[in-house]
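*Asks:* The following file, input.txt, comprises compact mmCIF, C-alpha atoms:
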```txt
# COMPACT_ATOMS: atom_id res chain seq x y z
CA MET A 204 -32.40 12.59 -60.18
CA PRO A 205 -32.69 9.53 -57.95
CA GLY A 206 -29.60 7.45 -57.24
CA ALA A 207 -28.77 4.29 -59.13
CA VAL A 208 -31.07 1.38 -58.35
CA VAL A 209 -29.30 -1.29 -56.34
CA PRO A 210 -30.92 -4.70 -56.82
CA THR A 211 -31.84 -6.71 -53.74
CA VAL A 212 -30.78 -10.34 -54.13
CA ARG A 213 -31.19 -12.97 -51.43
CA ILE A 214 -30.55 -16.69 -51.45
CA GLN A 215 -32.10 -18.29 -48.39
CA ALA A 216 -33.54 -21.48 -46.97
CA GLU A 217 -36.43 -19.76 -45.22
CA ASP A 218 -39.67 -18.61 -46.80
CA PHE A 219 -40.31 -15.01 -47.87
CA ASP A 220 -43.25 -12.66 -47.41
CA VAL A 221 -44.39 -11.22 -50.74
CA ALA A 222 -46.30 -8.30 -49.20
CA ALA A 223 -43.37 -7.39 -46.97
CA GLU A 224 -40.99 -7.33 -49.95
CA ILE A 225 -43.35 -5.02 -51.89
CA ALA A 226 -43.68 -2.77 -48.84
CA LYS A 227 -39.89 -2.56 -48.47
CA MET A 228 -39.58 -1.42 -52.05
CA THR A 229 -42.34 1.18 -51.98
CA GLN A 230 -42.26 2.59 -48.47
CA GLY A 231 -41.43 6.26 -48.09
CA ARG A 232 -41.69 7.08 -51.77
CA ALA A 233 -44.43 8.33 -54.06
CA ASP A 234 -42.78 8.06 -57.47
CA ILE A 235 -43.49 4.37 -58.12
CA GLY A 236 -46.50 3.75 -60.35
CA ALA A 237 -46.25 0.00 -60.91
CA VAL A 238 -45.06 -3.00 -58.97
CA VAL A 239 -45.01 -6.40 -60.63
CA THR A 240 -44.33 -9.52 -58.61
CA PHE A 241 -43.78 -13.07 -59.74
CA SER A 242 -43.79 -15.97 -57.28
CA GLY A 243 -42.75 -19.45 -58.29
CA LEU A 244 -44.24 -22.24 -56.17
CA CYS A 245 -43.56 -25.92 -55.80
CA ARG A 246 -46.26 -28.04 -57.53
CA ASP A 247 -47.30 -31.46 -56.26
CA GLU A 248 -47.42 -32.92 -59.80
CA ALA A 249 -50.86 -34.46 -59.24
CA GLY A 250 -49.89 -35.89 -55.87
CA ARG A 251 -46.72 -37.58 -57.11
CA LEU A 252 -44.25 -35.11 -55.62
CA ALA A 253 -43.46 -35.04 -51.90
CA ALA A 254 -40.82 -32.33 -52.09
CA LEU A 255 -38.23 -30.62 -54.21
CA GLU A 256 -34.68 -30.39 -53.02
CA LEU A 257 -32.93 -27.32 -54.34
CA GLU A 258 -29.18 -27.44 -54.54
CA HIS A 259 -27.29 -24.24 -55.30
CA TYR A 260 -23.79 -22.93 -55.81
CA PRO A 261 -23.23 -20.67 -52.80
CA GLY A 262 -21.57 -17.44 -53.82
CA MET A 263 -22.18 -17.79 -57.52
CA ALA A 264 -25.96 -17.97 -57.06
CA GLU A 265 -26.01 -14.49 -55.51
CA VAL A 266 -23.48 -13.10 -57.98
CA GLU A 267 -25.21 -14.49 -61.07
CA ILE A 268 -28.70 -13.32 -60.08
CA GLY A 269 -27.12 -9.97 -59.20
CA ARG A 270 -25.65 -9.78 -62.70
CA ILE A 271 -29.04 -10.52 -64.29
CA ALA A 272 -30.78 -7.97 -62.05
CA ALA A 273 -28.15 -5.35 -62.91
CA GLU A 274 -28.79 -6.02 -66.60
CA ALA A 275 -32.53 -5.48 -65.99
CA VAL A 276 -31.76 -2.15 -64.30
CA HIS A 277 -29.66 -1.20 -67.31
CA ARG A 278 -32.39 -2.12 -69.81
CA TRP A 279 -35.54 -0.78 -68.16
CA PRO A 280 -36.27 2.40 -66.17
CA LEU A 281 -36.77 0.67 -62.82
CA GLN A 282 -37.12 2.13 -59.36
CA GLY A 283 -36.44 -1.15 -57.62
CA ILE A 284 -35.82 -4.80 -58.29
CA THR A 285 -35.72 -7.73 -55.86
CA ALA A 286 -34.99 -11.40 -56.45
CA ILE A 287 -35.22 -14.01 -53.70
CA HIS A 288 -34.49 -17.67 -54.35
CA ARG A 289 -34.86 -20.42 -51.76
CA HIS A 290 -32.74 -23.52 -51.44
CA GLY A 291 -33.05 -26.76 -49.49
CA ARG A 292 -36.13 -28.93 -49.18
CA ILE A 293 -39.35 -27.31 -50.37
CA ALA A 294 -42.77 -28.92 -50.08
CA PRO A 295 -45.63 -28.58 -52.60
CA GLY A 296 -47.49 -25.33 -52.10
CA GLU A 297 -44.43 -23.54 -50.74
CA ASN A 298 -42.67 -20.63 -52.37
CA ILE A 299 -39.46 -21.17 -54.35
CA VAL A 300 -38.66 -17.85 -55.99
CA LEU A 301 -39.80 -14.24 -55.89
CA VAL A 302 -39.16 -11.37 -58.29
CA VAL A 303 -40.40 -7.85 -57.58
CA ALA A 304 -39.93 -5.07 -60.13
CA ALA A 305 -41.04 -1.46 -59.65
CA SER A 306 -41.24 1.29 -62.21
CA THR A 307 -43.14 4.46 -63.05
CA HIS A 308 -45.27 2.58 -65.56
CA ARG A 309 -46.35 -1.03 -65.79
CA GLN A 310 -44.70 -2.05 -69.04
CA ALA A 311 -41.14 -1.75 -67.76
CA ALA A 312 -42.02 -3.54 -64.53
CA PHE A 313 -43.71 -6.44 -66.36
CA GLU A 314 -40.88 -6.81 -68.85
CA ALA A 315 -38.09 -6.59 -66.28
CA ALA A 316 -39.73 -9.22 -64.06
CA ASN A 317 -40.25 -11.50 -67.05
CA PHE A 318 -36.65 -11.00 -68.23
CA LEU A 319 -35.24 -11.69 -64.78
CA MET A 320 -37.21 -14.93 -64.44
CA ASP A 321 -36.30 -16.15 -67.92
CA TYR A 322 -32.59 -15.57 -67.33
CA LEU A 323 -32.69 -16.87 -63.79
CA LYS A 324 -34.11 -20.18 -64.96
CA SER A 325 -31.32 -20.84 -67.42
CA ARG A 326 -28.34 -19.09 -65.77
CA ALA A 327 -28.75 -19.08 -61.99
CA PRO A 328 -26.86 -22.07 -60.52
CA PHE A 329 -29.73 -24.02 -58.93
CA TRP A 330 -30.71 -27.64 -59.48
CA LYS A 331 -33.96 -29.34 -58.50
CA LYS A 332 -34.20 -32.92 -57.35
CA GLU A 333 -37.58 -34.58 -56.93
CA HIS A 334 -38.64 -36.68 -53.98
CA HIS A 335 -41.74 -38.76 -54.61
CA THR A 336 -44.67 -39.45 -52.28
CA ASP A 337 -44.01 -43.19 -52.55
CA GLY A 338 -40.65 -42.61 -50.86
CA SER A 339 -38.56 -43.00 -53.99
CA GLU A 340 -36.04 -40.48 -55.15
CA GLY A 341 -37.36 -39.01 -58.38
CA GLY A 342 -34.04 -37.87 -59.71
CA TRP A 343 -32.85 -34.53 -61.02
CA VAL A 344 -35.24 -32.37 -62.98
CA ASP A 345 -34.19 -32.01 -66.62
CA ALA A 346 -33.59 -28.54 -67.97
CA LYS A 347 -36.20 -27.52 -70.49
CA GLU A 348 -35.26 -26.29 -73.93
CA ALA A 349 -38.25 -23.96 -73.72
CA ASP A 350 -36.53 -22.15 -70.85
CA ASP A 351 -33.40 -21.56 -72.92
CA GLU A 352 -35.56 -20.29 -75.77
CA ALA A 353 -37.43 -18.01 -73.39
CA ALA A 354 -34.13 -16.49 -72.28
CA SER A 355 -32.75 -16.16 -75.79
CA ARG A 356 -35.64 -13.98 -76.96
CA TRP A 357 -34.28 -11.16 -74.79
CA LYS A 358 -30.93 -11.15 -76.58
CA GLN A 359 -30.13 -7.76 -78.03
CA ALA A 360 -28.21 -7.19 -81.21
CA ASN A 361 -25.17 -5.20 -80.13
CA MET B 544 -0.64 -24.35 -58.50
CA SER B 545 -3.60 -26.45 -57.54
CA THR B 546 -7.08 -25.77 -58.84
CA ARG B 547 -10.27 -26.36 -56.91
CA LEU B 548 -12.89 -28.32 -58.82
CA ILE B 549 -16.46 -28.14 -57.53
CA TYR B 550 -19.29 -30.40 -58.66
CA PHE B 551 -23.05 -29.99 -58.40
CA ALA B 552 -26.22 -32.05 -58.76
CA TRP B 553 -25.78 -35.30 -60.73
CA VAL B 554 -22.20 -34.42 -61.67
CA ARG B 555 -21.42 -34.37 -57.94
CA GLU B 556 -23.34 -37.58 -57.29
CA ARG B 557 -21.70 -39.47 -60.14
CA ILE B 558 -18.15 -38.35 -59.32
CA GLY B 559 -18.90 -39.08 -55.68
CA LYS B 560 -17.54 -35.95 -54.06
CA PRO B 561 -18.54 -32.30 -53.86
CA GLN B 562 -15.08 -30.90 -54.57
CA GLU B 563 -11.40 -31.66 -54.88
CA ASP B 564 -8.12 -29.86 -55.42
CA VAL B 565 -6.15 -31.05 -58.42
CA GLU B 566 -2.83 -30.33 -60.04
CA LEU B 567 -3.59 -29.88 -63.71
CA PRO B 568 -1.09 -31.58 -65.98
CA ASP B 569 0.67 -29.60 -68.69
CA GLY B 570 -1.29 -29.18 -71.87
CA ILE B 571 -4.67 -28.60 -70.22
CA GLU B 572 -5.42 -25.19 -71.65
CA THR B 573 -9.16 -24.97 -72.14
CA VAL B 574 -12.31 -26.14 -70.40
CA ALA B 575 -12.72 -28.77 -73.13
CA ASP B 576 -9.18 -30.08 -72.36
CA LEU B 577 -10.06 -30.25 -68.67
CA LEU B 578 -13.24 -32.24 -69.32
CA ARG B 579 -11.34 -34.66 -71.56
CA TRP B 580 -8.62 -35.16 -68.92
CA LEU B 581 -11.09 -35.58 -66.05
CA LYS B 582 -13.09 -38.12 -68.01
CA SER B 583 -9.98 -40.32 -68.19
CA ARG B 584 -9.50 -40.37 -64.41
CA GLY B 585 -11.79 -43.29 -63.67
CA GLU B 586 -15.18 -44.88 -64.04
CA GLU B 587 -17.03 -42.35 -61.93
CA TYR B 588 -15.65 -39.46 -63.99
CA GLU B 589 -16.41 -41.31 -67.21
CA HIS B 590 -19.99 -41.75 -65.97
CA ALA B 591 -20.40 -38.10 -64.97
CA LEU B 592 -18.79 -36.66 -68.08
CA GLN B 593 -20.03 -39.19 -70.63
CA TYR B 594 -21.66 -36.40 -72.64
CA PRO B 595 -19.31 -33.46 -72.15
CA ASP B 596 -21.42 -31.18 -74.35
CA VAL B 597 -24.17 -31.01 -71.73
CA ILE B 598 -21.80 -30.09 -68.90
CA ARG B 599 -21.92 -26.42 -67.91
CA VAL B 600 -18.81 -24.82 -66.49
CA ALA B 601 -18.10 -21.77 -64.37
CA ILE B 602 -14.63 -20.36 -63.77
CA ASN B 603 -14.26 -18.28 -60.62
CA GLN B 604 -18.08 -18.29 -60.34
CA GLU B 605 -18.76 -17.02 -63.84
CA HIS B 606 -20.29 -19.02 -66.71
CA VAL B 607 -17.84 -19.87 -69.51
CA GLU B 608 -17.87 -21.72 -72.82
CA HIS B 609 -15.89 -24.93 -73.30
CA ARG B 610 -13.38 -23.13 -75.50
CA GLU B 611 -12.46 -20.75 -72.65
CA LYS B 612 -8.86 -20.81 -71.41
CA ILE B 613 -8.51 -21.93 -67.81
CA SER B 614 -5.16 -20.41 -66.95
CA GLY B 615 -5.29 -18.67 -63.59
CA ALA B 616 -8.57 -20.28 -62.54
CA ARG B 617 -8.78 -20.76 -58.76
CA GLU B 618 -12.15 -22.43 -58.83
CA ILE B 619 -13.76 -24.36 -61.65
CA ALA B 620 -17.30 -25.68 -61.21
CA LEU B 621 -18.88 -28.43 -63.33
CA PHE B 622 -22.62 -28.94 -63.31
CA PRO B 623 -25.65 -29.96 -65.37
CA PRO B 624 -27.91 -27.41 -67.08
CA MET B 625 -29.57 -25.33 -64.38
CA THR B 626 -33.15 -25.86 -63.24
CA GLY B 627 -33.83 -23.05 -60.78
CA GLY B 628 -36.72 -20.64 -60.74
```
In structure tokens, write the structure found in this file.
*Replies:*
Amino acid sequence: MPGAVVPTVRIQAEDFDVAAEIAKMTQGRADIGAVVTFSGLCRDEAGRLAALELEHYPGMAEVEIGRIAAEAVHRWPLQGITAIHRHGRIAPGENIVLVVAASTHRQAAFEAANFLMDYLKSRAPFWKKEHHTDGSEGGWVDAKEADDEAASRWKQAN
Amino acid sequence: MSTRLIYFAWVRERIGKPQEDVELPDGIETVADLLRWLKSRGEEYEHALQYPDVIRVAINQEHVEHREKISGAREIALFPPMTGG
């Protein structure tokens, strides 16, 4: 019986290496049959966006994503789960967020990664502000109702 | 006992400071009471908390509803709906 899966959660300004994060999760073991990764990138919004500025709540950001990851471990038979979220100024084309989920079979890995992203979007304390290419400040990005709905579909009747 | 209030994103910008320590007056029992009291503290608070229903709140770094009691809170954060990911 393997030990309990401890989620890896990092909040950082610097970029991450997707392949390196997969390798860290899988190296030295032969029981993992599926690794699903999701990367969220900064779009340029058809040339309008110069950068996103990501503000976060230090301390709570780690704790809250850790809580969501722990819930994923509880709900799916995972062998590893990693969530990395960047903060600070991020230019179009750059990475913002990474989720890696590993399991024996693909279904659990897909679902856990999807769950983690849905919850992260509506519960992790991050806020995006747009900076436009014309030099103007674009203001704070509005939360989308669709993101709340996406998270609510994972609610379990207890 | 003073309570640390922390603000993020446009709540921070509108109030004009990232955090402050306040002495809560008697009778402030819930998050909703706190929002009502803060809103009465001046124009900038009125502007930030104009629509209290949209304000999200965390006590000691954990999400709470507006009906939650705030007794014993060391740190209360007020912020807009989150837009990470």
*Asks:* Counting all atoms listed in the file, which residues from chain B have an atom at most 9 Å from any atom of chain A, and could you show them as an mmCIF file with C-alpha atoms, in the coordinates of the input?
*Replies:*
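Written file, selection_12.cif:
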```cif
data_model
loop_
_atom_site.group_PDB
_atom_site.id
_atom_site.type_symbol
_atom_site.label_atom_id
_atom_site.label_comp_id
_atom_site.auth_asym_id
_atom_site.auth_seq_id
_atom_site.Cartn_x
_atom_site.Cartn_y
_atom_site.Cartn_z
ATOM 1 C CA PHE B 551 -23.050 -29.990 -58.400
ATOM 2 C CA ALA B 552 -26.220 -32.050 -58.760
ATOM 3 C CA TRP B 553 -25.780 -35.300 -60.730
ATOM 4 C CA ALA B 601 -18.100 -21.770 -64.370
ATOM 5 C CA ASN B 603 -14.260 -18.280 -60.620
ATOM 6 C CA GLN B 604 -18.080 -18.290 -60.340
ATOM 7 C CA GLU B 605 -18.760 -17.020 -63.840
ATOM 8 C CA HIS B 606 -20.290 -19.020 -66.710
ATOM 9 C CA ALA B 620 -17.300 -25.680 -61.210
ATOM 10 C CA PHE B 622 -22.620 -28.940 -63.310
ATOM 11 C CA PRO B 623 -25.650 -29.960 -65.370
ATOM 12 C CA PRO B 624 -27.910 -27.410 -67.080
ATOM 13 C CA MET B 625 -29.570 -25.330 -64.380
ATOM 14 C CA THR B 626 -33.150 -25.860 -63.240
ATOM 15 C CA GLY B 627 -33.830 -23.050 -60.780
ATOM 16 C CA GLY B 628 -36.720 -20.640 -60.740
#
```
*Asks:* Figure out the distance between atom CA of B:Ala575 and atom CA of B:Ser614, please, to one decimal in Å.
*Replies:* 12.9 Å
*Asks:* With all atoms listed in the file as the counted atoms, please give the residues lying no more than 12 Å from A:Glu248, apart from itself and same-chain residues fewer than 6 positions off, as a list in words.
*Replies:*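 Non-adjacent residues within range: Ala254, Leu255, Ala294, Pro295, Gly296, Glu333, His334, His335, Thr336 and Gly341 of chain A.
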*Asks:* Just give me the gap between atom CA of A:Asn317 and atom CA of A:Leu252 in Å, one decimal is fine.
*Replies:*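 About the pair atom CA of A:Asn317 and atom CA of A:Leu252: they are 26.5 Å apart.
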*Asks:* Tell me, in Å to one decimal, how far atom CA of B:Arg584 is from atom CA of B:Pro568.
*Replies:* 12.3 Å
*Asks:* Using only C-alpha atoms, which of B:Ile602, B:Val597, B:Val607, B:Val574 sits nearest B:Arg547?
*Replies:*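 Closest to B:Arg547 of all the choices is B:Ile602.
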*Asks:* Excluding B:Val554 and any residue of its chain fewer than 5 positions from it, enumerate the residues within 10 Å of it, using only C-alpha atoms, and give them as an mmCIF file with C-alpha atoms, keeping the file's coordinate frame.
*Replies:*
```
data_model
loop_
_atom_site.group_PDB
_atom_site.id
_atom_site.type_symbol
_atom_site.label_atom_id
_atom_site.label_comp_id
_atom_site.auth_asym_id
_atom_site.auth_seq_id
_atom_site.Cartn_x
_atom_site.Cartn_y
_atom_site.Cartn_z
ATOM 1 C CA ILE B 549 -16.460 -28.140 -57.530
ATOM 2 C CA GLY B 559 -18.900 -39.080 -55.680
ATOM 3 C CA LYS B 560 -17.540 -35.950 -54.060
ATOM 4 C CA PRO B 561 -18.540 -32.300 -53.860
ATOM 5 C CA GLU B 587 -17.030 -42.350 -61.930
ATOM 6 C CA TYR B 588 -15.650 -39.460 -63.990
ATOM 7 C CA HIS B 590 -19.990 -41.750 -65.970
ATOM 8 C CA ALA B 591 -20.400 -38.100 -64.970
ATOM 9 C CA LEU B 592 -18.790 -36.660 -68.080
ATOM 10 C CA ILE B 598 -21.800 -30.090 -68.900
ATOM 11 C CA LEU B 621 -18.880 -28.430 -63.330
ATOM 12 C CA PHE B 622 -22.620 -28.940 -63.310
ATOM 13 C CA PRO B 623 -25.650 -29.960 -65.370
#
```
*Asks:* Select, from B:Gly615, B:Val600, B:Glu563, B:Arg557, the residue with the minimum atom-to-atom distance to B:Leu578, counting all atoms listed in the file.
*Replies:*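 When distances to B:Leu578 are compared using all atoms listed in the file, the smallest one comes from B:Val600.
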*Asks:* What lies within 12 Å of B:Leu567 using all atoms listed in the file, ignoring chain neighbours under 4 positions off, as an mmCIF file with C-alpha atoms, in the frame of the given file?
*Replies:*
```
data_model
loop_
_atom_site.group_PDB
_atom_site.id
_atom_site.type_symbol
_atom_site.label_atom_id
_atom_site.label_comp_id
_atom_site.auth_asym_id
_atom_site.auth_seq_id
_atom_site.Cartn_x
_atom_site.Cartn_y
_atom_site.Cartn_z
ATOM 1 C CA MET B 544 -0.640 -24.350 -58.500
ATOM 2 C CA SER B 545 -3.600 -26.450 -57.540
ATOM 3 C CA THR B 546 -7.080 -25.770 -58.840
ATOM 4 C CA ARG B 547 -10.270 -26.360 -56.910
ATOM 5 C CA LEU B 548 -12.890 -28.320 -58.820
ATOM 6 C CA GLU B 563 -11.400 -31.660 -54.880
ATOM 7 C CA ILE B 571 -4.670 -28.600 -70.220
ATOM 8 C CA GLU B 572 -5.420 -25.190 -71.650
ATOM 9 C CA THR B 573 -9.160 -24.970 -72.140
ATOM 10 C CA VAL B 574 -12.310 -26.140 -70.400
ATOM 11 C CA ASP B 576 -9.180 -30.080 -72.360
ATOM 12 C CA LEU B 577 -10.060 -30.250 -68.670
ATOM 13 C CA LEU B 578 -13.240 -32.240 -69.320
ATOM 14 C CA TRP B 580 -8.620 -35.160 -68.920
ATOM 15 C CA LEU B 581 -11.090 -35.580 -66.050
ATOM 16 C CA ILE B 613 -8.510 -21.930 -67.810
ATOM 17 C CA SER B 614 -5.160 -20.410 -66.950
ATOM 18 C CA GLY B 615 -5.290 -18.670 -63.590
ATOM 19 C CA ALA B 616 -8.570 -20.280 -62.540
ATOM 20 C CA ARG B 617 -8.780 -20.760 -58.760
ATOM 21 C CA ILE B 619 -13.760 -24.360 -61.650
#
```
*Asks:* Taking into account only C-alpha atoms, which residue in the set A:Ala305, A:Ala311, A:Ile293, A:Ala316 is nearest to A:Ala233?
*Replies:*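 Closest to A:Ala233, using only C-alpha atoms: A:Ala305.
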